[in-house]
$ cat query_36.cif   # mmCIF, C-alpha atoms
data_model
loop_
_atom_site.label_atom_id
_atom_site.label_comp_id
_atom_site.auth_asym_id
_atom_site.auth_seq_id
_atom_site.Cartn_x
_atom_site.Cartn_y
_atom_site.Cartn_z
CA MET I 1 -1.50 36.02 -13.00
CA SER I 2 -4.13 36.36 -10.41
CA LEU I 3 -6.98 34.06 -11.32
CA ASP I 4 -8.57 34.17 -7.89
CA LYS I 5 -12.21 33.38 -7.98
CA THR I 6 -14.52 34.63 -5.37
CA THR I 7 -16.66 31.78 -4.24
CA THR I 8 -20.35 32.34 -4.05
CA GLN I 9 -20.69 29.32 -1.82
CA SER I 10 -20.55 29.43 1.94
CA PRO I 11 -17.66 27.60 3.63
CA ALA I 12 -20.03 24.84 4.72
CA ASP I 13 -21.07 24.31 1.10
CA GLU I 14 -17.44 23.92 0.03
CA PHE I 15 -17.18 21.06 2.49
CA ILE I 16 -20.54 19.42 1.88
CA LYS I 17 -20.40 19.36 -1.93
CA GLY I 18 -17.70 16.66 -1.86
CA LEU I 19 -19.81 14.36 0.28
CA TRP I 20 -22.76 13.94 -2.04
CA ARG I 21 -23.39 16.38 -4.92
CA GLU I 22 -19.84 16.19 -6.32
CA ASN I 23 -18.73 12.96 -4.64
CA PRO I 24 -15.37 12.10 -6.23
CA VAL I 25 -16.13 8.41 -6.64
CA PHE I 26 -19.88 8.08 -7.22
CA VAL I 27 -20.39 11.28 -9.23
CA GLN I 28 -17.06 12.35 -10.70
CA LEU I 29 -15.68 8.78 -11.08
CA LEU I 30 -12.16 9.91 -10.17
CA GLY I 31 -9.39 7.81 -8.63
CA MET I 32 -10.83 4.47 -9.69
CA CYS I 33 -7.54 2.59 -9.21
CA PRO I 34 -7.57 2.55 -5.38
CA VAL I 35 -11.38 2.35 -5.37
CA LEU I 36 -11.29 -1.02 -7.10
CA ALA I 37 -8.01 -2.34 -5.77
CA VAL I 38 -7.76 -1.76 -2.02
CA THR I 39 -11.40 -2.04 -1.00
CA ASN I 40 -11.24 -5.78 -0.29
CA SER I 41 -11.68 -5.09 3.42
CA ALA I 42 -13.24 -2.28 5.42
CA LEU I 43 -9.99 -1.53 7.26
CA ASN I 44 -7.90 -1.26 4.08
CA ALA I 45 -10.53 0.98 2.51
CA LEU I 46 -10.64 3.26 5.55
CA THR I 47 -6.84 3.54 5.83
CA MET I 48 -6.52 4.30 2.13
CA GLY I 49 -9.27 6.93 2.42
CA VAL I 50 -7.64 8.61 5.40
CA ALA I 51 -4.20 8.59 3.70
CA THR I 52 -5.67 10.12 0.53
CA THR I 53 -7.55 12.74 2.55
CA PHE I 54 -4.33 13.68 4.35
CA VAL I 55 -2.48 14.17 1.05
CA LEU I 56 -5.44 15.98 -0.51
CA VAL I 57 -5.90 18.47 2.33
CA LEU I 58 -2.21 19.30 2.71
CA SER I 59 -1.49 19.57 -1.01
CA ASN I 60 -4.55 21.80 -1.47
CA LEU I 61 -3.31 23.94 1.42
CA LEU I 62 0.22 24.34 0.07
CA VAL I 63 -0.89 24.86 -3.54
CA SER I 64 -3.34 27.53 -2.41
CA CYS I 65 -0.67 29.27 -0.29
CA LEU I 66 1.81 29.30 -3.19
CA ARG I 67 -0.69 30.10 -5.96
CA HIS I 68 0.67 33.61 -6.65
CA PHE I 69 4.22 32.32 -6.60
CA ILE I 70 3.87 29.57 -9.23
CA PRO I 71 3.86 30.65 -12.91
CA ARG I 72 1.18 28.89 -14.95
CA GLN I 73 3.78 27.35 -17.28
CA VAL I 74 5.26 25.14 -14.58
CA ARG I 75 2.18 24.65 -12.42
CA ILE I 76 1.63 20.93 -13.14
CA ALA I 77 5.28 20.07 -12.40
CA THR I 78 5.11 21.99 -9.13
CA PHE I 79 1.78 20.41 -8.10
CA ILE I 80 3.15 16.91 -8.75
CA LEU I 81 6.23 17.73 -6.68
CA ILE I 82 4.05 18.90 -3.79
CA ILE I 83 1.72 15.89 -4.02
CA ALA I 84 4.62 13.41 -4.23
CA THR I 85 6.15 15.01 -1.14
CA PHE I 86 3.03 14.49 0.94
CA VAL I 87 2.71 10.92 -0.35
CA THR I 88 6.24 10.24 0.91
CA VAL I 89 5.31 11.82 4.24
CA VAL I 90 2.20 9.67 4.55
CA ASP I 91 4.23 6.58 3.61
CA TYR I 92 6.66 7.19 6.50
CA LEU I 93 3.79 7.91 8.89
CA ILE I 94 1.96 4.66 8.04
CA GLN I 95 5.22 2.70 8.44
CA ALA I 96 5.71 4.30 11.84
CA ILE I 97 2.15 3.52 12.92
CA SER I 98 1.83 -0.05 11.67
CA LEU I 99 3.95 -2.14 9.33
CA GLU I 100 1.05 -4.59 8.92
CA VAL I 101 -1.19 -1.93 7.41
CA HIS I 102 1.70 -0.71 5.27
CA LYS I 103 2.19 -4.23 3.96
CA SER I 104 -1.48 -4.80 3.21
CA LEU I 105 -1.76 -1.56 1.21
CA GLY I 106 1.48 -2.39 -0.61
CA ALA I 107 2.27 -0.38 -3.70
CA PHE I 108 -1.01 1.55 -3.53
CA ILE I 109 0.38 4.06 -1.04
CA TYR I 110 2.87 5.26 -3.66
CA LEU I 111 0.10 5.30 -6.23
CA ILE I 112 -1.73 8.03 -4.26
CA ALA I 113 0.70 10.36 -6.07
CA VAL I 114 -0.99 9.63 -9.40
CA ASN I 115 -4.56 9.72 -8.09
CA CYS I 116 -6.18 12.13 -10.54
CA LEU I 117 -8.53 13.36 -7.80
CA ILE I 118 -5.66 15.11 -5.99
CA LEU I 119 -4.09 16.75 -9.04
CA GLY I 120 -7.61 17.59 -10.23
CA ARG I 121 -8.49 19.48 -7.03
CA ALA I 122 -5.11 21.27 -6.99
CA GLU I 123 -5.54 22.44 -10.59
CA ALA I 124 -9.29 23.11 -10.64
CA PHE I 125 -9.77 24.52 -7.16
CA ALA I 126 -6.78 25.17 -4.91
CA SER I 127 -4.76 27.10 -7.50
CA ARG I 128 -7.66 29.54 -7.94
CA HIS I 129 -9.09 29.96 -4.47
CA ARG I 130 -8.06 31.24 -1.09
CA VAL I 131 -6.61 29.07 1.63
CA LEU I 132 -9.73 28.43 3.73
CA PRO I 133 -12.06 27.41 0.87
CA SER I 134 -9.27 25.22 -0.57
CA LEU I 135 -8.77 23.52 2.78
CA LEU I 136 -12.49 22.85 3.14
CA ASP I 137 -12.74 21.66 -0.45
CA GLY I 138 -9.89 19.19 0.12
CA LEU I 139 -11.41 17.99 3.38
CA GLY I 140 -14.87 17.54 1.85
CA MET I 141 -13.57 15.70 -1.19
CA GLY I 142 -11.34 13.55 1.04
CA VAL I 143 -14.17 12.63 3.39
CA GLY I 144 -16.40 11.92 0.38
CA PHE I 145 -13.69 9.69 -1.08
CA THR I 146 -13.22 7.90 2.25
CA LEU I 147 -16.98 7.38 2.61
CA ALA I 148 -17.18 5.91 -0.88
CA LEU I 149 -14.21 3.61 -0.24
CA PHE I 150 -15.81 2.52 3.02
CA CYS I 151 -19.13 1.80 1.25
CA MET I 152 -17.23 -0.43 -1.16
CA GLY I 153 -14.95 -2.06 1.41
CA SER I 154 -17.65 -2.89 3.96
CA VAL I 155 -19.96 -4.49 1.38
CA ARG I 156 -17.12 -6.51 -0.12
CA GLU I 157 -15.82 -7.69 3.25
CA LEU I 158 -19.32 -8.55 4.49
CA LEU I 159 -20.18 -10.63 1.44
CA GLY I 160 -16.69 -11.92 0.67
CA SER I 161 -15.55 -13.02 4.09
CA GLY I 162 -18.68 -12.67 6.22
CA ALA I 163 -17.02 -10.16 8.54
CA LEU I 164 -16.65 -6.45 9.23
CA PHE I 165 -13.29 -5.09 10.41
CA GLY I 166 -12.23 -8.74 10.78
CA VAL I 167 -15.06 -9.58 13.20
CA GLY I 168 -17.42 -12.32 12.07
CA VAL I 169 -20.97 -11.07 11.55
CA PHE I 170 -22.92 -14.00 10.15
CA SER I 171 -23.38 -17.47 11.65
CA ASP I 172 -20.93 -20.25 10.84
CA ASN I 173 -23.32 -21.59 8.21
CA TYR I 174 -22.62 -18.57 6.00
CA GLN I 175 -20.67 -19.56 2.89
CA PRO I 176 -18.39 -16.60 2.01
CA TRP I 177 -18.89 -15.24 -1.47
CA VAL I 178 -15.18 -15.26 -2.28
CA VAL I 179 -15.53 -13.53 -5.66
CA MET I 180 -16.42 -10.32 -3.82
CA ILE I 181 -12.94 -9.88 -2.34
CA LEU I 182 -11.30 -10.80 -5.64
CA PRO I 183 -10.72 -8.02 -8.23
CA SER I 184 -13.93 -8.79 -10.13
CA GLY I 185 -15.92 -8.22 -6.94
CA GLY I 186 -14.70 -4.62 -6.98
CA PHE I 187 -16.36 -4.05 -10.35
CA PHE I 188 -19.62 -5.70 -9.22
CA THR I 189 -19.79 -3.62 -6.05
CA LEU I 190 -18.91 -0.36 -7.81
CA GLY I 191 -21.56 -1.09 -10.45
CA ALA I 192 -24.19 -1.74 -7.80
CA TRP I 193 -23.37 1.45 -5.87
CA LEU I 194 -23.39 3.56 -9.06
CA LEU I 195 -26.78 2.11 -9.98
CA LEU I 196 -28.16 3.01 -6.56
CA PHE I 197 -26.67 6.53 -6.60
CA ASN I 198 -27.94 7.36 -10.08
CA ARG I 199 -31.39 5.97 -9.27
CA ILE I 200 -31.68 8.22 -6.21
CA LYS I 201 -30.41 11.21 -8.20
CA GLN I 202 -32.90 10.60 -11.02
CA ARG I 203 -35.83 10.30 -8.63
CA ARG I 204 -34.83 13.53 -6.92
CA GLU I 205 -34.58 15.38 -10.24
CA LYS I 206 -37.93 14.02 -11.39
CA ARG I 207 -39.56 15.14 -8.18
CA SER I 208 -38.12 18.64 -8.39
CA THR I 209 -39.16 19.09 -12.07
CA SER I 210 -42.69 17.86 -11.40
CA LEU I 211 -42.86 20.24 -8.44
CA LYS I 212 -41.72 23.12 -10.68
CA SER I 213 -44.29 22.31 -13.39
CA GLU I 214 -47.04 22.13 -10.75
CA VAL I 215 -46.04 25.59 -9.53
CA LEU I 216 -46.05 26.86 -13.13
CA GLU I 217 -49.48 25.37 -13.82
CA ALA I 218 -50.87 26.89 -10.67
CA GLY I 219 -49.48 30.26 -11.76
CA ASN I 220 -51.05 29.95 -15.25
CA GLU I 221 -54.47 29.10 -13.83
CA ARG I 222 -54.43 32.25 -11.85
CA MET H 1 -13.80 31.18 -16.27
CA GLU H 2 -13.85 34.63 -17.78
CA ILE H 3 -12.32 34.84 -21.25
CA ILE H 4 -10.91 38.18 -22.32
CA ALA H 5 -10.14 38.57 -26.02
CA THR H 6 -6.85 40.33 -26.64
CA ASP H 7 -4.78 40.88 -29.78
CA LYS H 8 -1.46 40.12 -28.11
CA PRO H 9 -0.65 36.70 -26.62
CA PRO H 10 -0.04 36.97 -22.86
CA THR H 11 3.58 37.82 -22.07
CA PRO H 12 5.44 34.93 -20.49
CA PRO H 13 6.78 35.51 -16.98
CA PRO H 14 10.49 36.29 -16.57
CA ALA H 15 12.63 33.16 -16.52
CA TRP H 16 13.82 33.71 -12.97
CA TRP H 17 10.23 33.49 -11.72
CA VAL H 18 10.10 29.95 -13.06
CA TYR H 19 13.43 29.13 -11.40
CA ARG H 20 12.26 30.72 -8.18
CA ALA H 21 9.07 28.67 -8.14
CA LEU H 22 10.67 25.32 -8.98
CA VAL H 23 13.72 25.71 -6.73
CA GLY H 24 11.66 27.21 -3.91
CA VAL H 25 9.05 24.45 -3.94
CA GLY H 26 11.82 21.85 -4.30
CA VAL H 27 13.62 23.13 -1.21
CA VAL H 28 10.43 23.28 0.87
CA CYS H 29 9.51 19.73 -0.17
CA ALA H 30 13.01 18.39 0.50
CA LEU H 31 13.05 19.92 3.99
CA LEU H 32 9.63 18.45 4.72
CA ILE H 33 10.62 14.94 3.62
CA VAL H 34 13.89 14.99 5.57
CA SER H 35 12.26 16.20 8.78
CA VAL H 36 9.46 13.63 8.62
CA PHE H 37 12.02 10.92 7.86
CA LEU H 38 14.09 11.86 10.90
CA LEU H 39 11.02 12.12 13.13
CA THR H 40 9.55 8.75 12.17
CA ARG H 41 12.81 6.78 11.90
CA PRO H 42 12.98 5.55 15.53
CA SER H 43 9.47 4.11 15.50
CA ILE H 44 9.88 2.60 12.01
CA GLU H 45 13.07 0.85 13.14
CA GLU H 46 11.34 -0.39 16.28
CA ASN H 47 8.45 -1.76 14.17
CA ARG H 48 10.90 -3.46 11.79
CA ALA H 49 12.77 -5.13 14.65
CA GLU H 50 9.47 -6.38 16.10
CA ALA H 51 8.36 -7.72 12.72
CA LEU H 52 11.71 -9.46 12.28
CA GLU H 53 11.40 -11.12 15.66
CA ARG H 54 7.87 -12.32 14.86
CA ALA H 55 9.14 -13.65 11.53
CA VAL H 56 11.98 -15.55 13.26
CA PHE H 57 9.46 -17.40 15.43
CA ALA H 58 7.30 -18.06 12.34
CA VAL H 59 10.07 -19.57 10.19
CA LEU H 60 11.40 -21.74 13.04
CA PRO H 61 8.27 -23.59 14.24
CA GLY H 62 8.54 -24.83 17.81
CA THR H 63 10.97 -22.14 18.91
CA ARG H 64 10.64 -20.91 22.49
CA TYR H 65 13.46 -18.38 22.53
CA GLN H 66 15.98 -17.06 20.05
CA ARG H 67 19.37 -15.42 20.14
CA ALA H 68 21.28 -13.46 17.56
CA VAL H 69 24.47 -15.12 16.35
CA VAL H 70 27.15 -13.71 14.10
CA ILE H 71 28.40 -16.10 11.42
CA SER H 72 31.17 -14.65 9.26
CA GLU H 73 29.98 -11.09 9.88
CA ALA H 74 26.31 -11.80 9.13
CA VAL H 75 23.72 -11.59 11.88
CA MET H 76 21.48 -14.65 12.04
CA HIS H 77 18.95 -15.79 14.59
CA ALA H 78 19.25 -19.19 16.21
CA GLY H 79 16.01 -20.60 17.65
CA TYR H 80 15.82 -23.07 20.56
CA ASP H 81 12.95 -25.14 21.94
CA THR H 82 11.91 -25.59 25.58
CA GLU H 83 14.65 -28.16 26.19
CA HIS H 84 17.30 -25.76 24.81
CA ARG H 85 17.77 -27.86 21.68
CA LEU H 86 18.58 -26.02 18.46
CA VAL H 87 15.47 -25.79 16.22
CA GLY H 88 17.23 -24.02 13.40
CA VAL H 89 18.78 -20.82 12.16
CA ALA H 90 16.81 -17.95 10.57
CA ILE H 91 18.73 -16.40 7.70
CA GLU H 92 17.89 -13.20 5.83
CA ALA H 93 18.20 -13.23 2.06
CA GLN H 94 17.52 -10.65 -0.59
CA GLY H 95 17.53 -10.26 -4.34
CA MET H 96 15.64 -8.88 -7.29
CA GLY H 97 11.93 -9.61 -7.47
CA TYR H 98 9.80 -8.61 -10.44
CA GLN H 99 10.71 -4.94 -10.41
CA ASP H 100 12.21 -4.24 -7.03
CA ARG H 101 14.14 -5.83 -4.20
CA LEU H 102 12.63 -8.77 -2.32
CA ARG H 103 13.72 -9.46 1.26
CA LEU H 104 13.06 -12.91 2.69
CA LEU H 105 13.71 -14.71 5.95
CA TYR H 106 14.04 -18.49 5.96
CA GLY H 107 14.55 -21.05 8.67
CA TYR H 108 17.27 -23.69 8.17
CA ASP H 109 17.43 -26.87 10.18
CA PRO H 110 21.15 -27.83 10.06
CA VAL H 111 20.55 -31.32 11.45
CA GLN H 112 17.88 -32.42 8.94
CA GLN H 113 19.42 -30.14 6.29
CA THR H 114 16.05 -28.74 5.26
CA ILE H 115 14.41 -25.34 5.03
CA ILE H 116 11.56 -25.38 7.54
CA GLY H 117 9.90 -22.01 6.95
CA MET H 118 9.96 -18.84 4.85
CA ARG H 119 8.43 -15.39 5.24
CA VAL H 120 8.57 -12.36 2.97
CA LEU H 121 9.92 -9.41 4.94
CA GLU H 122 9.70 -6.74 2.27
CA SER H 123 8.29 -6.78 -1.23
CA ARG H 124 6.83 -4.48 -3.84
CA GLU H 125 5.53 -7.22 -6.11
CA THR H 126 2.50 -6.50 -8.30
CA PRO H 127 -0.62 -6.31 -6.12
CA GLY H 128 -2.95 -9.23 -6.82
CA LEU H 129 -0.37 -11.17 -8.88
CA GLY H 130 3.21 -11.27 -7.63
CA ASP H 131 2.30 -10.50 -4.03
CA ARG H 132 0.64 -13.91 -3.80
CA ILE H 133 4.07 -15.28 -2.84
CA GLU H 134 3.17 -13.93 0.62
CA THR H 135 -0.38 -15.22 0.85
CA ASP H 136 -0.75 -18.33 -1.33
CA LYS H 137 -1.06 -21.27 1.10
CA ARG H 138 0.14 -23.85 -1.40
CA PHE H 139 3.22 -21.79 -2.17
CA ILE H 140 4.06 -21.27 1.51
CA LYS H 141 3.66 -25.03 2.09
CA ASN H 142 6.70 -25.52 -0.20
CA PHE H 143 8.92 -24.26 2.56
CA GLU H 144 7.84 -26.60 5.34
CA ALA H 145 10.41 -29.23 4.37
CA LEU H 146 12.56 -28.17 1.44
CA ASP H 147 15.56 -30.35 0.76
CA VAL H 148 18.83 -28.38 0.88
CA ARG H 149 21.33 -31.17 1.55
CA LEU H 150 24.91 -30.16 0.93
CA GLY H 151 26.69 -32.02 -1.82
CA THR H 152 30.26 -32.93 -2.63
CA GLU H 153 32.90 -30.23 -3.10
CA SER H 154 32.06 -29.49 -6.74
CA ARG H 155 28.45 -28.57 -5.93
CA VAL H 156 27.56 -26.76 -2.77
CA LEU H 157 23.93 -27.91 -2.80
CA LEU H 158 23.27 -31.52 -3.74
CA HIS H 159 20.24 -30.34 -5.75
CA PRO H 160 19.87 -26.69 -6.73
CA LEU H 161 16.53 -25.16 -5.71
CA VAL H 162 14.29 -24.66 -8.73
CA ALA H 163 10.76 -23.41 -9.25
CA VAL H 164 8.49 -25.72 -11.24
CA LYS H 165 5.00 -25.13 -12.64
CA GLN H 166 2.00 -25.37 -10.36
CA GLY H 167 1.05 -29.00 -9.73
CA GLN H 168 4.32 -30.43 -11.05
CA LYS H 169 6.33 -30.70 -7.84
CA ALA H 170 7.93 -34.16 -7.85
CA ALA H 171 11.06 -33.89 -5.70
CA PRO H 172 11.59 -32.38 -2.22
CA TRP H 173 13.98 -29.75 -3.59
CA GLU H 174 11.50 -28.38 -6.12
CA ILE H 175 9.42 -25.29 -5.35
CA GLU H 176 5.91 -25.36 -6.75
CA GLY H 177 5.33 -21.98 -8.39
CA ILE H 178 2.13 -19.98 -8.66
CA THR H 179 0.36 -19.57 -11.99
CA GLY H 180 0.15 -15.81 -12.60
CA ALA H 181 3.12 -15.10 -10.36
CA THR H 182 5.77 -17.02 -12.29
CA VAL H 183 8.42 -14.31 -12.15
CA SER H 184 7.98 -13.77 -8.42
CA SER H 185 8.01 -17.50 -7.60
CA LYS H 186 11.15 -17.98 -9.67
CA ALA H 187 12.71 -14.98 -7.93
CA VAL H 188 12.04 -16.56 -4.52
CA ALA H 189 13.64 -19.83 -5.68
CA ARG H 190 16.67 -18.01 -7.07
CA ILE H 191 17.16 -15.88 -3.95
CA LEU H 192 16.93 -18.95 -1.68
CA ASP H 193 19.29 -20.92 -3.93
CA ASN H 194 21.94 -18.17 -3.96
CA SER H 195 21.66 -17.58 -0.24
CA SER H 196 21.80 -21.29 0.66
CA GLU H 197 24.88 -21.85 -1.50
CA ARG H 198 26.64 -19.07 0.32
CA TRP H 199 25.53 -19.49 3.93
CA LEU H 200 24.60 -23.10 4.59
CA PRO H 201 28.20 -24.42 4.53
CA LEU H 202 29.17 -21.66 6.96
CA VAL H 203 26.25 -22.50 9.27
CA GLN H 204 27.28 -26.18 9.18
CA ARG H 205 30.81 -25.21 10.18
CA ALA H 206 29.47 -23.08 13.05
CA LEU H 207 27.15 -25.86 14.27
CA PRO H 208 29.17 -26.73 17.42
CA MET H 209 28.97 -23.11 18.51
CA LEU H 210 25.21 -23.03 17.85
CA THR H 211 24.35 -26.21 19.74
CA ALA H 212 26.35 -25.17 22.83
CA PRO H 213 23.52 -24.28 25.23
CA GLY H 214 22.93 -21.31 27.40
CA GLU H 215 25.38 -18.62 26.30
CA GLY H 216 22.26 -16.55 25.94
CA ASP H 217 23.75 -13.18 25.00
CA ASP H 218 20.65 -11.93 23.24
CA GLU H 219 17.91 -14.06 24.65
CA SER H 220 14.34 -13.04 24.31
CA ARG H 221 11.06 -14.54 25.40
#
$ encode --input "query_36.cif" --output "structure tokens"
Amino acid sequence: MSLDKTTTQSPADEFIKGLWRENPVFVQLLGMCPVLAVTNSALNALTMGVATTFVLVLSNLLVSCLRHFIPRQVRIATFILIIATFVTVVDYLIQAISLEVHKSLGAFIYLIAVNCLILGRAEAFASRHRVLPSLLDGLGMGVGFTLALFCMGSVRELLGSGALFGVGVFSDNYQPWVVMILPSGGFFTLGAWLLLFNRIKQRREKRSTSLKSEVLEAGNER
Amino acid sequence: MEIIATDKPPTPPPAWWVYRALVGVGVVCALLIVSVFLLTRPSIEENRAEALERAVFAVLPGTRYQRAVVISEAVMHAGYDTEHRLVGVAIEAQGMGYQDRLRLLYGYDPVQQTIIGMRVLESRETPGLGDRIETDKRFIKNFEALDVRLGTESRVLLHPLVAVKQGQKAAPWEIEGITGATVSSKAVARILDNSSERWLPLVQRALPMLTAPGEGDDESR
């Protein structure tokens, strides 16, 4: 039963890996449905990110607490039950905070329940690790997800309606690039961000391999 | 993950462990949902009432204050202008949308016998397609002066409200639909038609009570 893994990473690493190295959107390409659909404005993107983070952290916490109690045969059913519960909780909380935000996110709040990122972290991490690492993993992945959504949402709102958080940024002469807030704009923006991310990653790898070979050569000469 | 080769398949856990896990998690989740529901209910209801009030002012343009009136056991909102003249009555209507319930609020001017505004109060229409019934400016323009004259006894409405294709609106009782949101536009037309048939004659009968000024039992603003 006990599949507990001892993590070799420090707690800080568990948190940081979700931000960049294993970023759920730009590296793992998980949870694409909300990434493309609700990032038409910076505020929507941020709210969706925060709601997903909330569900992710709490479901990771509960799954990790109950990991010895759940037989492997029914683990997926139990995880879905836990995730759906926190989605319902977050739905009530958003309604209590602002009906406007609830309306603008529409059906996507309920769709957090089927975001593969959350089930993925519960299955791959929280069900095998202790409570604290699971909590940090959920928080890191959630913040990484929120950051990625914000990157998408701010670019789309800036280009598509010439504003950020509803405040006009450009002069009145700016012609909004409406396609960017339409669904196709989501694909364009995601493509551009992926291009940028992979380019940076490639350059980093190239630099580290050339550094290694230099070290090797220097060692051979000696 | 470490893989250990064994001859025997792993023994399944006893059945009651499975029951324990599923029932236990179910109970914890149920308790959590119920407590959050009870905790957030007061503020959600407050938000809903505020949204309804904003919607009443939106569907009855020119309203300065409104009061709730009860017409044959239904609560409606009568709006009045600065000179205490009746602007119209806001009526709630609901029905099936594409996959779930749609709740609308529309403003009815009993003197001109027209619908003068409509807002969607609650909808779960498809994001990006059906939900355009809330945002599409051309669609919303349909409800600025929609003919709902009452007919002779055989027909309640002189002309039933129907949705037509985009760009084909010819008569003041036709609702111009949205391409790509046909089902949702038709649903709005059907809900309004059903609701008008039922309530408009009753509102007409209650007109003397509505135009009597200054009873002001539930005045606001």
$ resolve_selection --input "query_36.cif" --expression "the PyMOL selection byres ((chain I) within 6 of (chain H))" --output "ChimeraX atom specification"
/I:70,85,95-96
$ resolve_selection --input "query_36.cif" --expression "the PyMOL selection byres ((chain H and resi 185-188) around 9)" --output "PDB file with C-alpha atoms, in the frame of the given file"
ATOM      1  CA  GLN H  94      17.520 -10.650  -0.590  1.00  0.00           C
ATOM      2  CA  GLY H  95      17.530 -10.260  -4.340  1.00  0.00           C
ATOM      3  CA  MET H  96      15.640  -8.880  -7.290  1.00  0.00           C
ATOM      4  CA  GLY H  97      11.930  -9.610  -7.470  1.00  0.00           C
ATOM      5  CA  TYR H  98       9.800  -8.610 -10.440  1.00  0.00           C
ATOM      6  CA  LEU H 102      12.630  -8.770  -2.320  1.00  0.00           C
ATOM      7  CA  LEU H 104      13.060 -12.910   2.690  1.00  0.00           C
ATOM      8  CA  GLY H 130       3.210 -11.270  -7.630  1.00  0.00           C
ATOM      9  CA  ILE H 133       4.070 -15.280  -2.840  1.00  0.00           C
ATOM     10  CA  PHE H 139       3.220 -21.790  -2.170  1.00  0.00           C
ATOM     11  CA  VAL H 162      14.290 -24.660  -8.730  1.00  0.00           C
ATOM     12  CA  ALA H 163      10.760 -23.410  -9.250  1.00  0.00           C
ATOM     13  CA  VAL H 164       8.490 -25.720 -11.240  1.00  0.00           C
ATOM     14  CA  ILE H 175       9.420 -25.290  -5.350  1.00  0.00           C
ATOM     15  CA  GLU H 176       5.910 -25.360  -6.750  1.00  0.00           C
ATOM     16  CA  GLY H 177       5.330 -21.980  -8.390  1.00  0.00           C
ATOM     17  CA  ILE H 178       2.130 -19.980  -8.660  1.00  0.00           C
ATOM     18  CA  ALA H 181       3.120 -15.100 -10.360  1.00  0.00           C
ATOM     19  CA  THR H 182       5.770 -17.020 -12.290  1.00  0.00           C
ATOM     20  CA  VAL H 183       8.420 -14.310 -12.150  1.00  0.00           C
ATOM     21  CA  SER H 184       7.980 -13.770  -8.420  1.00  0.00           C
ATOM     22  CA  ALA H 189      13.640 -19.830  -5.680  1.00  0.00           C
ATOM     23  CA  ARG H 190      16.670 -18.010  -7.070  1.00  0.00           C
ATOM     24  CA  ILE H 191      17.160 -15.880  -3.950  1.00  0.00           C
ATOM     25  CA  LEU H 192      16.930 -18.950  -1.680  1.00  0.00           C
ATOM     26  CA  ASP H 193      19.290 -20.920  -3.930  1.00  0.00           C
TER      27      ASP H 193
END
$ residues_near_point --input "query_36.cif" --point "(18.0, -14.8, 7.4)" --cutoff "6 Å" --atoms "all atoms listed in the file" --output "PyMOL selection string"
chain H and resi 76+90-93+105-106
$ closest_residue --input "query_36.cif" --among "H:His84, H:Arg101, H:Arg119, H:Arg64" --to "Leu52 of chain H" --atoms "all atoms listed in the file"
H:Arg119
$ resolve_selection --input "query_36.cif" --expression "the PyMOL selection byres ((chain I and resi 98-113) around 7)" --output "list in words"
Pro34, Val38, Asn44, Thr52, Ile83, Ala84, Val87, Asp91, Ile94, Gln95, Ala96, Ile97, Val114 and Asn115 of chain I; Asn47 and Arg124 of chain H
$ atom_distance --input "query_36.cif" --atom1 "atom CA of Met118 of chain H" --atom2 "atom CA of Leu182 of chain I"
25.0 Å
$ closest_residue --input "query_36.cif" --among "I:Ile118, I:Val63, I:Ala42, I:Leu195" --to "Val131 of chain I" --atoms "all atoms listed in the file"
I:Val63
$ closest_residue --input "query_36.cif" --among "H:Arg132, H:Leu202, H:Gln113, H:Gly88" --to "Glu73 of chain H" --atoms "all atoms listed in the file"
H:Leu202
$ atom_distance --input "query_36.cif" --atom1 "atom CA of Val148 of chain H" --atom2 "atom CA of Val56 of chain H"
19.1 Å
